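Everything below concerns the one structure shown next.
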Amino acid sequence: MFETVLVANRGEIAVRVLRTLRELGVRSAAVFTDADADARHVREADTAVRVTGYLSVAEQVRAARVAGAQAVHPGYGFLAENAGFARACAEAGLVFIGPPAEAIELMGDKIRAKRTVRSAGVPVVPGSSGSGLSDAELAEAALEIGLPVLLKPSAGGGGKGMRLVRDSALLAEEIAAARREARGSFGDDTLLVERWIDRPRHIEIQVLADGHGGVVHLGERECSLQRRHQKVIEEAPSVLLDPATRTAMGEAAVQAARACGYAGAGTVEFIVPGADPASYYFMEMNTRLQVEHPVTELVTGLDLVAWQIRVACGERLAFAQEDIVLTGHAVEARICAETAHAGEGRVDFLPSSGSVLELREPEGPGVRVDSGLAPGTEVGTAYDPLLAKVIAHGPDRATALRRLRAALADTVVLGMDTNTGFLRRLLGHPAVVAGELDTGLIDREAAGLVPSGVPDEVYATAALLRQRALAPRPVEGGWTDPFSVPSGWRLGGEPAWTVHHLRVPGRDPVTVRVRGGHVRIGDAPAMEARLAVDGERVLLHSEGTVFAFRHAGEWLGRDGDSWRVRPYDPVAAALRGAAAGAGGGALTAPMPGTVTVVKVAKGDEVVAGQSLLVVEAMKMEHVTTAPHDGTVSEIDVAAGAAVAMDQVLAVVTPAAPAGDGSVGVAAKDYSEDSTAGGGSRRGAGGSSVGGAGVRSAAPAGGGAAGPAGNGAVGVRSGDGAVGAGERALVRPGEAS
């Protein structure tokens with residue numbers, strides 16, 4: 001056994017490998033960049049070495065030498081499937097805990113891999129057979145195979161660079177995008193094209209091989225629940241396979257491993273028609289440990305990382321195929337830093353970032369968590385969005401699903417958007433419960449799994465927390481100045497409402513009024529509401545119901561969902577809208593990332609839906625399109641620029657209606673930003689903030705903007721809203 005092993009990775013997989021090293025009594029060494037100096041994997045390792053980058057082979061080898069390691073575990077991602085890294089380790093006298101470099105090279109080239117397994121009798125998906133095809137040759141092959149087709153990087157995996165093409169008119173654009181993403185992710189833009197099988201199931205076989213000719217399979221994993229061709233829910237075993245098909249697929253996977261001289265843990269992936277599971281096709285072999293390996297560990301009782309290490313030490317497998325028994329059922333959910341952005345008939349999952357302000361990871365019977373998180377962890381967009389995995393095991397599938405849904409409800413990650421709540425709802429979808437899965441299910445059903453709005457109790461809780469923060473602290477002697485209490489007291493009248501302007505990113509602003517033990521949200525009737533605060537746990541008592549939240553800073557969390565409820569200044573928002581000058585034509589970054597392509601310049605005329613620029617984060621591209629016909633009046637970024645979420649990228653001024661020479665936008669595009677104390681009203685000629693002198697743009701075809709104060713007349717006397725002659729401005733949280 002090795003004395004010291006370097007883990008050449010970061011995040012949850014590094015923490016996972018460190019755990020097994022401790023159990024084996026092996027000293028561990030971690031690597032870190034400056035951004036990860038305080039990361040969890042650094043804290044848990046016996047020693048750690050700074051590197052300039054995780055993808056630098058030379059730096060990883062140097063770190064192993066500095067740490068006194070005899071072997072290197074690559075985890076997954078980064079250099080795990082890099083044959084050059086495996087060779088560099090060998091040249092440096094280090095053992096690479098993984099397959100031989102030749103096997104990595106062979107199976108890493110999807111075109112050569114298909115030829116190899118086909119010769120071993122394994123069925124493969126029909127597709128292009130040539131390597132290094134030009135754009136024109138790829139397009140020709142796609143048309144010859146017949147649409148729809150899937151474009152795939154030859155050198156990569158993980159769904160990056162994959163494009164499903166159903167329309168021949170989009171082939172050229174999709175090929176270019178797939179090449180960019182493949183080049184950025186793998187340093188190689190070689191593509192292949194395969195026939196797309198509608199409503200397919202993604203089923204993979206875990207194999208384990210030693211260096212003495214022993215190869216076994218450990219059953220299958222169902223990985224059909226995907227978004228962006230990336231898995232988010234995996235389970236073992238699959239409900240689709242009968243014993244005969246399981247045996248046949250397992251044997252095909254063993255033959256594929258033997259064909260490339262494999263050693264260690266690997267995965268052979270198949271695409272399976274849901275209506276005909278006996279007709280399975282080889283897709284690719286991942287020559288590394290998979291993200292979803294825990295479900296196999298739970299149903300087999302084997303530690304795959306431990307066996308990777310034992311095989312690398314030269315040990316033989318201690319079991320034969322007939323010794324492998326699958327017990328119970330296991331399901332895994334991948335917790336990712338991402339925002340579900342609902343559009344017209346679709347949902348985009350965009351990377352998010354932030355600092356972990358509050359962390360609660362679930363526990364309970366059959367529940368396992370593989371996580372790289374710790375309170376204070378900074379999550380950026382430079383790496384994969386995977387934060388943690390929550391896995392549940394049970395005697396049967398129904399029990400495993402129930403345990404996982406309960407565990408996700410008990411998972412709290414505040415400080416950034418995650419997909420936890422989405423995954424919990426997905427696991428409750430009737431098709432998922434019934435086991436009727438396919439790789440397109442999320443795309444079809446995602447819109448119904450993303451809440452259309454923010455629950456009222458979230459706004460009520462946020463407003464009451466802000467109200468609580470306004471309360472003065474007693475001075476020496478216990479006396480409190482009554483005029484500093486936010487009670488809304490008025491001489492000779494009923495108390496005024498204290499107004500809180502709030503906004504959840506991506507949602508319209510909301511005005512919440514608080515008075516005594518009542519809360520009023522927008523124009524809805526007032527409701528009884530009070531808070532009980534116990535540390536980070538907040539209980540909202542309202543109308544006979546108690547809502548429990550976790551709380552940290554501006555964040556609230558419940559049942560896996562989280563909301564950042566921020567204070568909102570309507571005057572500042574109106575000023576920003578007026579300065580932008582284009583209202584709904586302002587295009588903002590949907591996620592923090594880097595601008596990779598800018599296709600237009602200032603003054604260009606564009607049409608609705610035209611691609612204008614591309615923002616990339618975590619190796620994923622998001623194309624920003626024109627919201628309407630018009631002219632690019634501002635372009636505020638260039639290729640290579642780093643952008644923050646909601647940063648203005650460009651402004652498209654709408655084309656003037658026929659017969660009207662004026663250019664403008666409808667006041668509704670940003671009149672949501674024009675309120676004062678929640679009591680403003682929109683004027684006939686535009687929207688403005690009462691008494692503040694802020695003018696809005698005129699509606700298209702409409703005349704001049706309304707004068708300052710026009711449309712901001714206060715509502716009826718005594719309801720606490722600002723009247724035109726009372727006060728010019730009510731700041732968020734100020735009693736009116």
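Residue names in the structure tokens use chain letters A, B, ... in the order shown, residue numbers from 1 in each chain, and ligand numbers from 1 in the order shown.
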
Report as a PyMOL selection string all protein, DNA and RNA residues lying within 10 Å of range 426-434 of chain A, evaluated on only C-alpha atoms, omitting residues in the same chain fewer than 3 positions from it. chain A and resi 225+233+239+331+333+397-398+401-402+404-405+420-423+437-438+441-442+445-446+448-450

Kindly export the residues of the current selection with N, CA, C and O atoms, as a JSON list (two decimals), in the first residue's frame.
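The resulting file, part00.json, is shown below:
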```json
[["chain", "number", "residue", "atom", "x", "y", "z"],
["A", 225, "LEU", "N", -32.20, 11.09, -16.40],
["A", 225, "LEU", "CA", -32.68, 12.41, -16.02],
["A", 225, "LEU", "C", -31.53, 13.41, -16.15],
["A", 225, "LEU", "O", -30.65, 13.49, -15.30],
["A", 233, "ILE", "N", -29.89, 13.31, -11.87],
["A", 233, "ILE", "CA", -30.40, 12.25, -11.00],
["A", 233, "ILE", "C", -29.93, 10.92, -11.57],
["A", 233, "ILE", "O", -30.08, 10.66, -12.77],
["A", 239, "VAL", "N", -34.95, 0.40, -13.46],
["A", 239, "VAL", "CA", -36.23, -0.33, -13.47],
["A", 239, "VAL", "C", -36.54, -0.88, -14.85],
["A", 239, "VAL", "O", -37.44, -1.72, -15.00],
["A", 331, "VAL", "N", -30.54, 6.14, -5.05],
["A", 331, "VAL", "CA", -30.78, 7.27, -5.96],
["A", 331, "VAL", "C", -29.92, 8.43, -5.51],
["A", 331, "VAL", "O", -29.81, 8.72, -4.31],
["A", 333, "ALA", "N", -28.86, 12.65, -6.15],
["A", 333, "ALA", "CA", -29.20, 13.97, -6.71],
["A", 333, "ALA", "C", -27.98, 14.86, -6.65],
["A", 333, "ALA", "O", -27.31, 14.94, -5.62],
["A", 397, "ARG", "N", -37.09, 0.82, -4.46],
["A", 397, "ARG", "CA", -37.00, 2.12, -5.12],
["A", 397, "ARG", "C", -37.89, 3.16, -4.46],
["A", 397, "ARG", "O", -37.49, 4.32, -4.29],
["A", 398, "ALA", "N", -39.11, 2.79, -4.11],
["A", 398, "ALA", "CA", -40.04, 3.75, -3.52],
["A", 398, "ALA", "C", -39.47, 4.33, -2.22],
["A", 398, "ALA", "O", -39.56, 5.53, -1.97],
["A", 401, "LEU", "N", -36.57, 6.78, -3.03],
["A", 401, "LEU", "CA", -37.07, 8.06, -3.53],
["A", 401, "LEU", "C", -37.63, 8.91, -2.40],
["A", 401, "LEU", "O", -37.37, 10.13, -2.34],
["A", 402, "ARG", "N", -38.40, 8.31, -1.51],
["A", 402, "ARG", "CA", -38.96, 9.07, -0.38],
["A", 402, "ARG", "C", -37.85, 9.63, 0.50],
["A", 402, "ARG", "O", -37.90, 10.79, 0.92],
["A", 404, "LEU", "N", -34.80, 10.29, -0.33],
["A", 404, "LEU", "CA", -34.04, 11.34, -1.02],
["A", 404, "LEU", "C", -34.82, 12.65, -1.05],
["A", 404, "LEU", "O", -34.26, 13.73, -0.83],
["A", 405, "ARG", "N", -36.12, 12.59, -1.30],
["A", 405, "ARG", "CA", -36.92, 13.81, -1.30],
["A", 405, "ARG", "C", -36.91, 14.47, 0.08],
["A", 405, "ARG", "O", -36.80, 15.70, 0.20],
["A", 420, "THR", "N", -31.61, 22.57, -5.73],
["A", 420, "THR", "CA", -32.10, 21.59, -4.76],
["A", 420, "THR", "C", -33.62, 21.44, -4.79],
["A", 420, "THR", "O", -34.15, 20.33, -4.85],
["A", 421, "GLY", "N", -34.35, 22.55, -4.73],
["A", 421, "GLY", "CA", -35.80, 22.49, -4.75],
["A", 421, "GLY", "C", -36.33, 21.90, -6.05],
["A", 421, "GLY", "O", -37.31, 21.15, -6.06],
["A", 422, "PHE", "N", -35.68, 22.26, -7.17],
["A", 422, "PHE", "CA", -36.09, 21.71, -8.47],
["A", 422, "PHE", "C", -35.97, 20.19, -8.47],
["A", 422, "PHE", "O", -36.87, 19.48, -8.93],
["A", 423, "LEU", "N", -34.85, 19.69, -7.96],
["A", 423, "LEU", "CA", -34.63, 18.25, -7.95],
["A", 423, "LEU", "C", -35.66, 17.54, -7.07],
["A", 423, "LEU", "O", -36.13, 16.45, -7.39],
["A", 437, "LEU", "N", -38.79, 6.98, -17.61],
["A", 437, "LEU", "CA", -37.77, 8.01, -17.79],
["A", 437, "LEU", "C", -37.27, 8.05, -19.23],
["A", 437, "LEU", "O", -37.34, 7.06, -19.96],
["A", 438, "ASP", "N", -36.73, 9.19, -19.63],
["A", 438, "ASP", "CA", -35.95, 9.32, -20.85],
["A", 438, "ASP", "C", -35.15, 10.61, -20.74],
["A", 438, "ASP", "O", -35.41, 11.46, -19.88],
["A", 441, "LEU", "N", -37.00, 14.09, -20.65],
["A", 441, "LEU", "CA", -38.10, 14.35, -19.72],
["A", 441, "LEU", "C", -37.97, 15.72, -19.06],
["A", 441, "LEU", "O", -38.94, 16.46, -18.94],
["A", 442, "ILE", "N", -36.77, 16.07, -18.61],
["A", 442, "ILE", "CA", -36.60, 17.37, -17.94],
["A", 442, "ILE", "C", -36.91, 18.51, -18.90],
["A", 442, "ILE", "O", -37.59, 19.48, -18.53],
["A", 445, "GLU", "N", -40.69, 18.77, -19.15],
["A", 445, "GLU", "CA", -41.47, 19.01, -17.94],
["A", 445, "GLU", "C", -40.92, 20.10, -17.04],
["A", 445, "GLU", "O", -41.55, 20.45, -16.03],
["A", 446, "ALA", "N", -39.75, 20.65, -17.36],
["A", 446, "ALA", "CA", -39.08, 21.59, -16.44],
["A", 446, "ALA", "C", -39.93, 22.80, -16.11],
["A", 446, "ALA", "O", -39.95, 23.26, -14.97],
["A", 448, "GLY", "N", -42.98, 23.15, -15.62],
["A", 448, "GLY", "CA", -43.95, 22.87, -14.57],
["A", 448, "GLY", "C", -43.31, 22.58, -13.23],
["A", 448, "GLY", "O", -44.00, 22.45, -12.22],
["A", 449, "LEU", "N", -41.99, 22.47, -13.21],
["A", 449, "LEU", "CA", -41.27, 22.18, -11.97],
["A", 449, "LEU", "C", -40.58, 23.41, -11.40],
["A", 449, "LEU", "O", -39.94, 23.33, -10.35],
["A", 450, "VAL", "N", -40.70, 24.54, -12.10],
["A", 450, "VAL", "CA", -40.13, 25.80, -11.63],
["A", 450, "VAL", "C", -41.27, 26.69, -11.15],
["A", 450, "VAL", "O", -42.18, 27.00, -11.93]]
```

Could you name the residues that touch Leu289 in chain A at 10 Å or less, counting only C-alpha atoms, but leaving out those on the same chain fewer than 4 positions away, as a list of chain:residue names?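 The contact residues come out as A:Ile13, A:Pro74, A:Gly75, A:Tyr76, A:Gly77, A:Ala80, A:Glu81, A:Gly98, A:Gln206, A:Gly264, A:Ala265, A:Gly266, A:Thr267, A:His293, A:Leu304, A:Val305, A:Gln308.
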
Residue selection dump (N, CA and C atoms) as a PDB file, in the first residue's frame:
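Below you can see part03.pdb, which holds the result:
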```pdb
ATOM      1  N   ILE A  13     -15.257  15.705  -4.945  1.00  0.00           N
ATOM      2  CA  ILE A  13     -14.558  14.459  -5.260  1.00  0.00           C
ATOM      3  C   ILE A  13     -13.243  14.371  -4.503  1.00  0.00           C
ATOM      4  N   PRO A  74      -6.533  11.085  -9.667  1.00  0.00           N
ATOM      5  CA  PRO A  74      -6.985  12.267 -10.413  1.00  0.00           C
ATOM      6  C   PRO A  74      -8.432  12.680 -10.156  1.00  0.00           C
ATOM      7  N   GLY A  75      -9.202  11.872  -9.387  1.00  0.00           N
ATOM      8  CA  GLY A  75     -10.615  12.206  -9.206  1.00  0.00           C
ATOM      9  C   GLY A  75     -11.365  12.057 -10.513  1.00  0.00           C
ATOM     10  N   TYR A  76     -12.237  13.027 -10.830  1.00  0.00           N
ATOM     11  CA  TYR A  76     -12.851  13.066 -12.158  1.00  0.00           C
ATOM     12  C   TYR A  76     -12.851  14.500 -12.638  1.00  0.00           C
ATOM     13  N   GLY A  77     -12.936  14.678 -13.961  1.00  0.00           N
ATOM     14  CA  GLY A  77     -12.767  16.010 -14.526  1.00  0.00           C
ATOM     15  C   GLY A  77     -11.290  16.368 -14.551  1.00  0.00           C
ATOM     16  N   ALA A  80      -8.278  13.770 -15.168  1.00  0.00           N
ATOM     17  CA  ALA A  80      -8.581  12.360 -14.912  1.00  0.00           C
ATOM     18  C   ALA A  80      -8.528  11.517 -16.176  1.00  0.00           C
ATOM     19  N   GLU A  81      -8.879  12.082 -17.321  1.00  0.00           N
ATOM     20  CA  GLU A  81      -8.871  11.329 -18.578  1.00  0.00           C
ATOM     21  C   GLU A  81      -7.835  11.896 -19.541  1.00  0.00           C
ATOM     22  N   GLY A  98      -5.433   4.903 -11.957  1.00  0.00           N
ATOM     23  CA  GLY A  98      -6.380   4.908 -13.058  1.00  0.00           C
ATOM     24  C   GLY A  98      -5.910   3.939 -14.110  1.00  0.00           C
ATOM     25  N   GLN A 206     -21.029  -0.130 -14.675  1.00  0.00           N
ATOM     26  CA  GLN A 206     -19.786   0.066 -13.932  1.00  0.00           C
ATOM     27  C   GLN A 206     -18.911  -1.185 -14.078  1.00  0.00           C
ATOM     28  N   GLY A 264      -8.638  -0.781 -13.354  1.00  0.00           N
ATOM     29  CA  GLY A 264      -9.231   0.208 -12.459  1.00  0.00           C
ATOM     30  C   GLY A 264     -10.739   0.276 -12.636  1.00  0.00           C
ATOM     31  N   ALA A 265     -11.329   1.376 -12.161  1.00  0.00           N
ATOM     32  CA  ALA A 265     -12.772   1.572 -12.258  1.00  0.00           C
ATOM     33  C   ALA A 265     -13.093   2.388 -13.501  1.00  0.00           C
ATOM     34  N   GLY A 266     -14.080   1.947 -14.258  1.00  0.00           N
ATOM     35  CA  GLY A 266     -14.489   2.664 -15.462  1.00  0.00           C
ATOM     36  C   GLY A 266     -15.962   2.437 -15.728  1.00  0.00           C
ATOM     37  N   THR A 267     -16.500   3.180 -16.670  1.00  0.00           N
ATOM     38  CA  THR A 267     -17.932   3.094 -16.964  1.00  0.00           C
ATOM     39  C   THR A 267     -18.148   3.002 -18.468  1.00  0.00           C
ATOM     40  N   HIS A 293     -20.859   7.353  -8.868  1.00  0.00           N
ATOM     41  CA  HIS A 293     -20.401   6.066  -8.332  1.00  0.00           C
ATOM     42  C   HIS A 293     -21.011   5.699  -6.975  1.00  0.00           C
ATOM     43  N   LEU A 304     -15.484   1.837  -4.260  1.00  0.00           N
ATOM     44  CA  LEU A 304     -14.809   1.873  -5.559  1.00  0.00           C
ATOM     45  C   LEU A 304     -13.478   2.603  -5.501  1.00  0.00           C
ATOM     46  N   VAL A 305     -13.384   3.642  -4.687  1.00  0.00           N
ATOM     47  CA  VAL A 305     -12.113   4.359  -4.568  1.00  0.00           C
ATOM     48  C   VAL A 305     -11.062   3.450  -3.928  1.00  0.00           C
ATOM     49  N   GLN A 308      -9.884   1.141  -6.563  1.00  0.00           N
ATOM     50  CA  GLN A 308      -8.967   1.819  -7.486  1.00  0.00           C
ATOM     51  C   GLN A 308      -7.555   1.812  -6.921  1.00  0.00           C
TER      52      GLN A 308
END
```

Which residues come within 7 Å of Gly560 in chain A, counting only C-alpha atoms, excluding same-chain residues fewer than 5 positions away, as an NGL selection string? :A and (408-412 or 420-421)

So the first atom is CA of Gly121 in chain A and the second is CA of Ala244 in chain A; what is the distance between them in Å, to one decimal place?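 If I compute the distance from CA of Gly121 in chain A to CA of Ala244 in chain A, I get 17.5 Å.
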
With a distance cut-off of 8 Å and only C-alpha atoms, select the neighbouring residues of range 527-542 of chain A, excluding the residue or stretch itself and same-chain residues fewer than 4 positions from it, and output the selection as a PyMOL selection string. chain A and resi 457+460-461+464-465+517-520+546-552

Pick out the residues sitting within 10 Å of Pro273 in chain A, and hand them over as a list of chain:residue names; count only C-alpha atoms, and ignore anything fewer than 3 positions along from it in its own chain. A:Ile197, A:Asp198, A:Arg199, A:Pro200, A:Arg201, A:His202, A:Phe270, A:Asp276, A:Pro277, A:Ala278, A:Ser279, A:Tyr280, A:Tyr281, A:Asp438

Need the shell around Val637 in chain A: protein/DNA/RNA residues with any atom at most 12 Å away, counting only C-alpha atoms. Skip same-chain ones fewer than 2 positions apart. Format as number ranges by chain? A: 587-589, 594-602, 612-615, 634-635, 639-644, 647-651

Near Asp188 in chain A, within 9 Å and counting only C-alpha atoms, which residues show up once chain neighbours fewer than 2 positions away are dropped, as a PyMOL selection string? chain A and resi 153-156+179+182-186+190-191

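Restricting the calculation to only C-alpha atoms, the smallest distance between Asp38 in chain A and any of A:Glu251, A:Asp629, A:Asp109, A:Glu378 is found for A:Glu378.
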
Residue with smallest distance to Ala586 in chain A - pool A:Pro654, A:Asp481, A:Arg566, A:Ser56, counting only C-alpha atoms: A:Pro654

Please identify which residues in range 242-301 of chain A DSSP calls alpha helix (DSSP H) from the backbone, and express them as an MDAnalysis selection string. chainID A and resid 243:259 293:300

DSSP-assigned strand (DSSP E or B) among range 217-288 of chain A, expressed as a PyMOL selection string: chain A and resi 217-227+230-236+264-273+281-286

Tell me which of A:Leu24, A:Val7, A:Val215, A:Ala136 sits closest to Glu44 in chain A, counting only C-alpha atoms.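 Ranked by minimum distance to Glu44 in chain A, first place goes to A:Val7.
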